[in-house]
$ cat entry23.cif   # mmCIF, C-alpha atoms and all ligand atoms
data_query
loop_
_atom_site.label_atom_id
_atom_site.label_comp_id
_atom_site.auth_asym_id
_atom_site.auth_seq_id
_atom_site.Cartn_x
_atom_site.Cartn_y
_atom_site.Cartn_z
CA MET D 60 -15.12 -32.97 38.69
CA THR D 61 -12.94 -34.44 41.43
CA LEU D 62 -10.12 -36.59 40.24
CA PRO D 63 -9.64 -40.06 41.73
CA ASP D 64 -7.27 -40.57 44.64
CA PRO D 65 -3.83 -41.00 43.06
CA ARG D 66 -2.95 -43.67 45.60
CA ASP D 67 -6.02 -45.82 45.02
CA PRO D 68 -4.89 -48.78 42.85
CA ARG D 69 -8.46 -49.34 41.62
CA THR D 70 -8.67 -45.93 39.93
CA SER D 71 -5.14 -44.57 39.62
CA PRO D 72 -2.69 -45.93 37.06
CA ALA D 73 0.21 -44.39 39.00
CA ALA D 74 -0.80 -45.80 42.40
CA ASN D 75 1.46 -48.84 42.30
CA VAL D 76 4.55 -46.79 41.54
CA LEU D 77 3.71 -44.23 44.21
CA ILE D 78 2.99 -46.79 46.94
CA SER D 79 5.71 -49.32 46.17
CA ARG D 80 8.41 -46.62 46.05
CA GLY D 81 7.06 -44.69 49.03
CA VAL D 82 6.76 -41.45 47.05
CA PRO D 83 5.53 -38.72 49.43
CA ALA D 84 2.44 -36.68 48.58
CA PRO D 85 3.41 -33.44 46.81
CA GLY D 86 3.15 -30.14 48.68
CA ILE D 87 0.46 -27.65 47.79
CA PRO D 88 1.94 -24.89 45.56
CA ARG D 89 1.84 -21.43 47.10
CA GLU D 90 2.77 -19.67 43.87
CA ARG D 91 0.25 -20.26 41.09
CA PRO D 92 1.25 -18.45 37.88
CA ARG D 93 -1.56 -20.31 36.13
CA ARG D 94 -4.08 -18.14 38.00
CA LEU D 95 -3.44 -15.29 35.54
CA ARG D 96 -3.91 -17.60 32.55
CA SER D 97 -7.44 -18.65 33.49
CA PHE D 98 -9.45 -16.98 30.72
CA PRO D 99 -8.89 -14.73 27.71
CA ALA D 100 -9.76 -11.37 29.26
CA LEU D 101 -7.43 -11.99 32.17
CA ARG D 102 -4.65 -13.11 29.87
CA ALA D 103 -5.14 -9.97 27.78
CA LEU D 104 -5.04 -7.83 30.90
CA VAL D 105 -1.61 -9.04 31.93
CA ARG D 106 -0.13 -9.39 28.46
CA GLU D 107 3.29 -7.75 28.40
CA THR D 108 3.74 -7.34 24.66
CA ARG D 109 1.28 -6.24 22.02
CA ILE D 110 1.72 -5.71 18.32
CA ASP D 111 0.51 -2.34 17.10
CA PRO D 112 0.21 -1.85 13.32
CA ALA D 113 1.71 1.62 13.81
CA GLN D 114 5.03 0.05 14.76
CA LEU D 115 5.24 -2.06 11.60
CA ILE D 116 6.98 -1.18 8.34
CA LEU D 117 6.19 -3.00 5.10
CA PRO D 118 9.18 -3.57 2.79
CA VAL D 119 8.10 -3.33 -0.87
CA PHE D 120 9.74 -3.83 -4.24
CA VAL D 121 9.15 -1.57 -7.22
CA ARG D 122 10.35 -2.79 -10.61
CA GLU D 123 11.04 -0.81 -13.70
CA ASP D 124 10.21 -2.87 -16.74
CA ILE D 125 6.86 -4.46 -15.98
CA ASP D 126 3.27 -3.49 -16.65
CA ARG D 127 1.66 -5.70 -14.03
CA PRO D 128 2.81 -6.89 -10.60
CA HIS D 129 5.27 -9.74 -10.85
CA PRO D 130 5.14 -12.55 -8.27
CA ILE D 131 8.34 -13.41 -6.41
CA GLU D 132 8.64 -17.14 -6.49
CA ALA D 133 10.58 -17.55 -3.28
CA MET D 134 8.24 -15.22 -1.36
CA PRO D 135 4.65 -16.39 -1.85
CA GLY D 136 2.22 -13.48 -1.76
CA VAL D 137 4.93 -10.85 -2.23
CA VAL D 138 5.30 -9.12 -5.60
CA GLN D 139 7.51 -6.76 -7.51
CA HIS D 140 5.25 -3.77 -7.97
CA THR D 141 4.52 -1.48 -10.85
CA LEU D 142 4.31 2.17 -9.88
CA ASP D 143 0.52 1.86 -9.91
CA SER D 144 0.30 -1.25 -7.77
CA LEU D 145 2.86 0.30 -5.43
CA ARG D 146 0.64 3.32 -4.96
CA ALA D 147 -2.35 1.11 -4.25
CA THR D 148 -0.42 -0.89 -1.66
CA ALA D 149 0.84 2.26 0.01
CA ALA D 150 -2.73 3.55 0.21
CA GLU D 151 -3.85 0.26 1.76
CA CYS D 152 -1.08 0.52 4.33
CA ALA D 153 -2.15 4.00 5.30
CA GLN D 154 -5.75 2.86 5.50
CA ALA D 155 -4.85 -0.11 7.71
CA GLY D 156 -2.74 1.96 10.07
CA VAL D 157 0.61 0.44 9.11
CA GLY D 158 3.39 2.70 10.39
CA GLY D 159 5.59 2.88 7.35
CA ILE D 160 6.70 1.52 4.03
CA ASP D 161 10.28 0.80 2.93
CA LEU D 162 11.00 0.86 -0.79
CA PHE D 163 13.49 -1.23 -2.71
CA GLY D 164 14.04 -0.64 -6.43
CA VAL D 165 14.51 -3.21 -9.17
CA PRO D 166 15.96 -1.37 -12.18
CA ALA D 167 15.90 -2.56 -15.79
CA ALA D 168 19.61 -1.92 -16.28
CA ARG D 169 22.58 -2.07 -13.95
CA ASP D 170 26.14 -0.79 -14.15
CA GLU D 171 29.40 -1.02 -12.22
CA ALA D 172 28.69 2.00 -10.04
CA GLY D 173 24.96 1.49 -9.61
CA SER D 174 24.14 4.86 -11.11
CA GLY D 175 20.41 4.14 -11.29
CA ALA D 176 20.47 4.52 -7.54
CA TRP D 177 20.92 8.29 -7.54
CA ASP D 178 19.25 9.06 -10.84
CA PRO D 179 16.22 11.22 -9.99
CA GLU D 180 14.40 9.32 -12.73
CA GLY D 181 15.59 5.95 -11.45
CA ILE D 182 12.90 3.48 -10.50
CA LEU D 183 13.42 3.79 -6.77
CA ASN D 184 13.22 7.57 -6.75
CA ARG D 185 10.15 7.47 -8.98
CA GLY D 186 8.62 5.00 -6.58
CA ILE D 187 9.31 7.24 -3.61
CA ALA D 188 7.75 10.22 -5.37
CA ALA D 189 4.69 8.20 -6.36
CA VAL D 190 4.16 6.91 -2.85
CA ARG D 191 4.58 10.34 -1.27
CA GLU D 192 2.10 11.76 -3.71
CA GLU D 193 -0.32 9.00 -2.81
CA VAL D 194 -0.04 9.00 0.98
CA GLY D 195 1.40 12.36 1.95
CA ASP D 196 2.38 12.15 5.60
CA SER D 197 -0.12 9.49 6.58
CA LEU D 198 2.57 6.83 6.30
CA VAL D 199 6.31 7.08 6.97
CA VAL D 200 7.96 6.71 3.58
CA CYS D 201 11.33 5.10 3.85
CA ALA D 202 13.83 4.09 1.16
CA ASP D 203 16.62 1.55 1.09
CA THR D 204 19.86 3.43 0.59
CA CYS D 205 22.18 0.84 -0.87
CA LEU D 206 23.65 0.11 -4.25
CA ASP D 207 23.26 -3.64 -4.53
CA GLU D 208 20.05 -3.59 -6.55
CA PHE D 209 21.68 -1.18 -9.01
CA THR D 210 25.17 -2.60 -9.50
CA SER D 211 25.95 -5.07 -12.26
CA HIS D 212 28.01 -7.16 -9.80
CA GLY D 213 25.35 -7.07 -7.09
CA HIS D 214 27.62 -5.79 -4.32
CA CYS D 215 26.60 -3.00 -1.97
CA GLY D 216 29.50 -0.76 -2.98
CA LEU D 217 32.07 0.06 -5.64
CA LEU D 218 34.63 -2.60 -6.41
CA ASP D 219 38.35 -1.79 -6.53
CA ASP D 220 40.86 -3.39 -8.93
CA THR D 221 41.09 -6.50 -6.81
CA GLY D 222 37.33 -6.98 -6.75
CA ARG D 223 37.04 -5.93 -3.12
CA VAL D 224 34.29 -3.54 -2.02
CA ASP D 225 35.95 -0.16 -1.52
CA ASN D 226 34.52 1.44 1.59
CA ASP D 227 35.58 5.05 1.20
CA ALA D 228 34.90 5.25 -2.53
CA THR D 229 31.37 4.03 -1.87
CA LEU D 230 30.44 6.68 0.69
CA PRO D 231 29.95 9.55 -1.80
CA LEU D 232 27.62 7.32 -3.82
CA TYR D 233 25.52 6.70 -0.72
CA GLN D 234 25.47 10.46 -0.17
CA ALA D 235 24.22 11.04 -3.71
CA MET D 236 21.60 8.33 -3.32
CA ALA D 237 20.34 9.68 0.00
CA VAL D 238 20.09 13.23 -1.30
CA THR D 239 18.05 12.22 -4.35
CA GLN D 240 15.81 10.07 -2.14
CA ALA D 241 15.19 13.06 0.09
CA GLU D 242 14.45 15.19 -2.99
CA ALA D 243 12.00 12.54 -4.19
CA GLY D 244 10.17 12.86 -0.89
CA ALA D 245 11.52 10.15 1.41
CA HIS D 246 10.84 10.88 5.08
CA MET D 247 13.57 8.49 6.01
CA VAL D 248 16.59 6.97 4.27
CA SER D 249 18.02 3.65 5.35
CA PRO D 250 21.64 2.80 4.64
CA SER D 251 21.92 -0.98 4.55
CA GLY D 252 25.32 -1.46 2.93
CA MET D 253 27.42 -1.78 6.10
CA MET D 254 30.16 0.59 4.93
CA ASP D 255 32.06 2.16 7.81
CA GLY D 256 31.12 5.80 8.24
CA GLN D 257 27.98 5.60 6.09
CA VAL D 258 25.66 7.20 8.62
CA GLU D 259 27.90 10.19 9.18
CA ALA D 260 28.44 10.64 5.45
CA ILE D 261 24.72 10.57 4.74
CA ARG D 262 23.84 12.85 7.65
CA SER D 263 26.28 15.49 6.47
CA ALA D 264 25.02 15.23 2.89
CA LEU D 265 21.39 15.60 3.93
CA ASP D 266 22.14 18.51 6.23
CA ALA D 267 24.15 20.32 3.59
CA THR D 268 21.35 20.06 1.04
CA GLY D 269 18.52 21.33 3.19
CA HIS D 270 17.22 17.94 4.36
CA ALA D 271 17.92 18.21 8.05
CA ASP D 272 14.49 16.77 8.77
CA VAL D 273 15.02 13.59 6.80
CA ALA D 274 15.70 10.81 9.29
CA ILE D 275 18.20 7.98 9.08
CA LEU D 276 17.04 4.47 9.83
CA ALA D 277 20.43 2.83 10.15
CA TYR D 278 20.93 -0.84 9.42
CA SER D 279 23.46 -0.93 12.21
CA ALA D 280 23.94 -4.56 13.12
CA LYS D 281 23.48 -6.35 9.84
CA TYR D 282 24.75 -9.87 9.56
CA ALA D 283 26.01 -11.79 6.51
CA SER D 284 22.94 -13.97 6.70
CA ALA D 285 21.73 -16.91 4.64
CA TYR D 286 18.24 -15.76 5.63
CA PHE D 287 18.49 -13.11 2.90
CA GLY D 288 18.22 -15.84 0.26
CA PRO D 289 14.69 -15.17 -1.02
CA PHE D 290 15.37 -11.40 -1.17
CA ARG D 291 17.97 -12.02 -3.83
CA ASP D 292 15.17 -13.50 -5.91
CA ALA D 293 12.95 -10.55 -5.04
CA VAL D 294 15.40 -8.01 -6.46
CA GLY D 295 16.81 -10.23 -9.22
CA SER D 296 20.22 -10.00 -7.59
CA THR D 297 23.26 -10.66 -9.75
CA LEU D 298 25.53 -11.25 -6.77
CA ARG D 299 28.04 -14.03 -6.93
CA GLY D 300 29.92 -14.84 -3.77
CA ASP D 301 28.88 -13.24 -0.51
CA ARG D 302 29.04 -10.08 1.58
CA THR D 303 31.28 -11.34 4.35
CA THR D 304 33.83 -8.53 3.99
CA TYR D 305 31.24 -5.94 4.99
CA GLN D 306 28.30 -7.61 6.71
CA GLN D 307 28.89 -9.05 10.15
CA ASP D 308 29.82 -12.57 11.14
CA PRO D 309 26.65 -14.24 12.49
CA ALA D 310 28.70 -15.49 15.44
CA ASN D 311 29.37 -12.00 16.83
CA ARG D 312 27.12 -10.56 19.49
CA ARG D 313 29.35 -7.87 21.02
CA GLU D 314 30.18 -6.55 17.58
CA GLY D 315 26.48 -5.94 16.93
CA LEU D 316 26.40 -3.59 19.87
CA ARG D 317 29.61 -1.92 18.70
CA GLU D 318 28.08 -1.20 15.30
CA VAL D 319 24.94 0.20 16.91
CA LEU D 320 26.86 2.50 19.26
CA LEU D 321 28.94 3.76 16.32
CA ASP D 322 25.83 4.59 14.31
CA ILE D 323 24.38 6.44 17.29
CA THR D 324 27.48 8.64 17.49
CA GLN D 325 27.34 9.20 13.72
CA GLY D 326 23.83 10.62 13.83
CA ALA D 327 21.42 7.73 13.28
CA ASP D 328 17.83 8.41 14.32
CA ILE D 329 16.75 4.78 14.58
CA VAL D 330 19.07 1.78 14.85
CA MET D 331 18.28 -1.59 13.38
CA VAL D 332 19.22 -5.21 13.85
CA LYS D 333 18.87 -7.55 10.87
CA PRO D 334 17.82 -10.34 10.56
CA ALA D 335 15.50 -10.33 13.57
CA GLY D 336 14.38 -13.77 14.74
CA PRO D 337 17.77 -15.50 14.84
CA TYR D 338 19.37 -12.40 16.44
CA LEU D 339 17.07 -11.66 19.36
CA ASP D 340 20.01 -11.60 21.76
CA VAL D 341 21.44 -8.72 19.75
CA VAL D 342 18.04 -6.98 19.70
CA ALA D 343 17.86 -7.35 23.48
CA ASP D 344 21.39 -5.98 23.97
CA VAL D 345 20.63 -3.02 21.75
CA ALA D 346 17.30 -2.38 23.47
CA VAL D 347 19.13 -1.99 26.78
CA ARG D 348 21.97 0.20 25.51
CA SER D 349 20.31 2.39 22.88
CA ASN D 350 18.76 5.75 23.65
CA LEU D 351 17.26 5.69 20.14
CA PRO D 352 14.29 3.67 18.90
CA VAL D 353 15.28 0.14 17.98
CA ALA D 354 14.09 -1.53 14.78
CA ALA D 355 14.42 -5.16 13.73
CA TYR D 356 13.99 -6.56 10.22
CA GLN D 357 12.20 -9.87 9.91
CA VAL D 358 13.87 -10.78 6.63
CA SER D 359 12.83 -12.70 3.56
CA GLY D 360 14.10 -16.08 4.78
CA GLU D 361 12.21 -15.74 8.04
CA PHE D 362 9.11 -15.01 5.99
CA SER D 363 9.53 -17.73 3.40
CA MET D 364 10.26 -20.51 5.88
CA VAL D 365 6.98 -19.86 7.65
CA GLU D 366 5.07 -19.61 4.38
CA ALA D 367 6.59 -22.85 3.09
CA ALA D 368 5.88 -24.82 6.25
CA ALA D 369 2.36 -23.40 6.49
CA HIS D 370 1.71 -24.27 2.87
CA ARG D 371 2.43 -27.89 3.73
CA GLY D 372 0.15 -27.75 6.73
CA TRP D 373 3.02 -28.25 9.14
CA ILE D 374 2.41 -25.14 11.22
CA ASP D 375 -0.47 -22.80 12.00
CA ARG D 376 0.45 -19.88 9.76
CA ASP D 377 -1.41 -17.09 11.55
CA ARG D 378 -0.24 -18.09 14.98
CA VAL D 379 3.37 -18.45 13.90
CA ILE D 380 3.30 -15.05 12.20
CA ARG D 381 1.95 -13.44 15.34
CA GLU D 382 4.31 -15.34 17.61
CA SER D 383 7.35 -14.50 15.50
CA ILE D 384 6.60 -10.77 15.53
CA THR D 385 5.66 -10.83 19.20
CA GLY D 386 9.03 -12.43 19.96
CA ILE D 387 10.85 -9.63 18.16
CA VAL D 388 8.91 -6.94 20.03
CA ARG D 389 9.31 -8.80 23.32
CA ALA D 390 13.09 -8.85 22.81
CA GLY D 391 12.98 -5.05 22.71
CA ALA D 392 12.30 -3.86 19.18
CA ASN D 393 10.12 -0.77 18.98
CA LEU D 394 9.63 -1.14 15.23
CA VAL D 395 9.49 -4.24 13.07
CA LEU D 396 10.02 -4.43 9.33
CA THR D 397 8.04 -7.41 8.13
CA TYR D 398 6.55 -8.61 4.86
CA TRP D 399 3.41 -9.41 6.85
CA ALA D 400 2.94 -5.81 8.06
CA LEU D 401 -0.12 -5.07 5.97
CA GLU D 402 -1.76 -8.42 6.59
CA VAL D 403 -1.15 -8.19 10.32
CA ALA D 404 -2.57 -4.69 10.42
CA GLN D 405 -5.61 -5.71 8.41
CA THR D 406 -6.44 -9.00 10.05
CA MET D 407 -4.94 -9.19 13.49
CA GLY D 408 -5.05 -5.66 14.81
CA ASN D 409 -4.07 -5.57 18.41
CA ARG D 410 -4.48 -9.23 19.26
CA ALA D 411 -0.88 -9.75 20.29
C1 LIG D 501 20.91 -5.01 0.76
C2 LIG D 501 19.74 -5.60 1.43
C3 LIG D 501 19.46 -6.95 1.58
C4 LIG D 501 18.29 -7.04 2.29
C5 LIG D 501 17.86 -5.75 2.54
N1 LIG D 501 18.78 -4.87 2.02
C6 LIG D 501 20.16 -8.11 1.03
C7 LIG D 501 21.54 -8.36 1.41
O1 LIG D 501 22.13 -7.67 2.24
O2 LIG D 501 22.09 -9.30 0.85
C8 LIG D 501 17.64 -8.31 2.69
C9 LIG D 501 16.20 -8.21 3.08
C10 LIG D 501 15.54 -9.52 3.21
O3 LIG D 501 16.17 -10.60 3.11
O4 LIG D 501 14.32 -9.51 3.42
N2 LIG D 501 20.73 -3.70 0.40
#
$ encode --input "entry23.cif" --output "structure tokens" --more "lines below"
Ligand code: PBG
Amino acid sequence: MTLPDPRDPRTSPAANVLISRGVPAPGIPRERPRRLRSFPALRALVRETRIDPAQLILPVFVREDIDRPHPIEAMPGVVQHTLDSLRATAAECAQAGVGGIDLFGVPAARDEAGSGAWDPEGILNRGIAAVREEVGDSLVVCADTCLDEFTSHGHCGLLDDTGRVDNDATLPLYQAMAVTQAEAGAHMVSPSGMMDGQVEAIRSALDATGHADVAILAYSAKYASAYFGPFRDAVGSTLRGDRTTYQQDPANRREGLREVLLDITQGADIVMVKPAGPYLDVVADVAVRSNLPVAAYQVSGEFSMVEAAAHRGWIDRDRVIRESITGIVRAGANLVLTYWALEVAQTMGNRA
């Protein structure tokens, strides 16, 4: 179909403006980026970023005192698992080609020091053992190495007399936790507490106990983010106050890189930025400067906002999920932790 002459007042609504103002005819574009957008196969051919299920990690919650999976209100579709439902989910992940699974524990009882965290019979360690038994090496089994789910006060470390999180007193507890996670069968431990020196402390503990092959996925640049809100519901967090004395100020970009470079020197195997979507500048900085794989964690708030808007019909859920993960990978993340990992692997495959 040929379009009408834009300067013919009988057919063109813009003709009067063009003629009366003497607007010159536009030049003919030499560069036509649209050429490569003409049809799906061509778009796929030149696509720069694809999502591969093998680069996704599914975070999962395993809870101690339940006999059936318990829905998490603030995270529609996500549950606190029993050991059995955890096994089943891990098997599904392996089947669907998801790269890994990251376990968080929800214990029945908590204390000041978070001692359930390094109890070999604690819920998290039992979960790790169950998953390893189920999937072997077909899935990378990763564990959260942080005390907050296990402490009565909900903080990521031990509190001193003034109620402040004591960095150096916390490090041995992370060491104990990491060692028992390795004994339970974790391929990878993931310190997320943002204590200074945590990666080095854990590396030395693992090496000294015969776990030199257990990798460290370091939560390196972790921000004191309001996007963690729904996660607190997911783990039944008892935290009052916030984590601003250990997690980073959301305003700080350079500091994210500093934390990453420190973790690299301390022996991290993979460095992570968290949250992901609101921190893509940090992901991009890290992607340029890191000689290690870069992970990004699309956190609970990023998940729940999309689910809530989609539930109301305000956005196209599937497209936003794909676009949000694509954006994280495009920024430079090699791995993405996302609550949609299994669904993406099962339903979207490689359609980036
Ligand atoms: C703390 C931890 C948190 C998350 C992962 N590990 C919560 C926090 O730091 O307050 C948040 C994950 C999410 O929001 O999805 N160990």
$ residues_near_ligand --input "entry23.cif" --ligand "ligand LIG 501 (chain D)" --cutoff "6 Å" --atoms "only C-alpha atoms and all ligand atoms" --output "PyMOL selection string"
chain D and resi 205+207+251-252+287+290+358-359
$ write_last_selection --input "entry23.cif" --atoms "C-alpha atoms" --output "short mmCIF file (atom, residue, chain, number, x, y, z; two decimals), in the coordinates of the input"
data_model
loop_
_atom_site.label_atom_id
_atom_site.label_comp_id
_atom_site.auth_asym_id
_atom_site.auth_seq_id
_atom_site.Cartn_x
_atom_site.Cartn_y
_atom_site.Cartn_z
CA CYS D 205 22.18 0.84 -0.87
CA ASP D 207 23.26 -3.64 -4.53
CA SER D 251 21.92 -0.98 4.55
CA GLY D 252 25.32 -1.46 2.93
CA PHE D 287 18.49 -13.11 2.90
CA PHE D 290 15.37 -11.40 -1.17
CA VAL D 358 13.87 -10.78 6.63
CA SER D 359 12.83 -12.70 3.56
#
$ closest_residue --input "entry23.cif" --among "D:Phe120, D:Tyr233, D:Tyr338, D:Trp373" --to "D:Tyr398" --atoms "only C-alpha atoms"
D:Phe120
$ residues_around --input "entry23.cif" --residues "stretch 380-388 of chain D" --least-positions-apart "3" --cutoff "7 Å" --atoms "only C-alpha atoms" --output "ChimeraX atom specification"
/D:108-110,335-336,339,376-377,391-393,411
$ closest_residue --input "entry23.cif" --among "D:Gly295, D:Pro309, D:Gly269, D:Pro68" --to "D:Glu132" --atoms "only C-alpha atoms"
D:Gly295
$ residues_around --input "entry23.cif" --residues "D:Ala274" --least-positions-apart "2" --cutoff "8 Å" --atoms "only C-alpha atoms" --output "PyMOL selection string"
chain D and resi 246-248+271-272+276+327-328
$ atom_distance --input "entry23.cif" --atom1 "atom CA of D:Arg389" --atom2 "atom CA of D:Asp375"
20.5 Å
$ atom_distance --input "entry23.cif" --atom1 "atom CA of D:Gln325" --atom2 "atom CA of D:Gly256"
7.5 Å
$ build_atoms --input "entry23.cif" --residues "stretch 391-402 of chain D" --atoms "N, CA and C atoms" --output "compact mmCIF listing (two decimals), in the coordinates of the input"
# COMPACT_ATOMS: atom_id res chain seq x y z
N GLY D 391 12.66 -6.46 22.51
CA GLY D 391 12.98 -5.05 22.71
C GLY D 391 12.88 -4.16 21.49
N ALA D 392 12.43 -4.71 20.36
CA ALA D 392 12.30 -3.86 19.18
C ALA D 392 11.06 -2.96 19.31
N ASN D 393 11.24 -1.70 19.00
CA ASN D 393 10.12 -0.77 18.98
C ASN D 393 9.40 -0.78 17.63
N LEU D 394 10.17 -1.10 16.59
CA LEU D 394 9.63 -1.14 15.23
C LEU D 394 10.02 -2.48 14.61
N VAL D 395 9.14 -3.00 13.77
CA VAL D 395 9.49 -4.24 13.07
C VAL D 395 9.22 -4.07 11.58
N LEU D 396 10.23 -4.34 10.78
CA LEU D 396 10.02 -4.43 9.33
C LEU D 396 9.65 -5.87 9.04
N THR D 397 8.49 -6.04 8.42
CA THR D 397 8.04 -7.41 8.13
C THR D 397 7.17 -7.42 6.88
N TYR D 398 7.35 -8.46 6.09
CA TYR D 398 6.55 -8.61 4.86
C TYR D 398 5.09 -8.91 5.18
N TRP D 399 4.79 -9.18 6.44
CA TRP D 399 3.41 -9.41 6.85
C TRP D 399 2.77 -8.15 7.43
N ALA D 400 3.44 -7.01 7.36
CA ALA D 400 2.94 -5.81 8.06
C ALA D 400 1.50 -5.48 7.68
N LEU D 401 1.22 -5.48 6.39
CA LEU D 401 -0.12 -5.07 5.97
C LEU D 401 -1.16 -6.11 6.39
N GLU D 402 -0.83 -7.36 6.19
CA GLU D 402 -1.76 -8.42 6.59
C GLU D 402 -2.02 -8.39 8.10
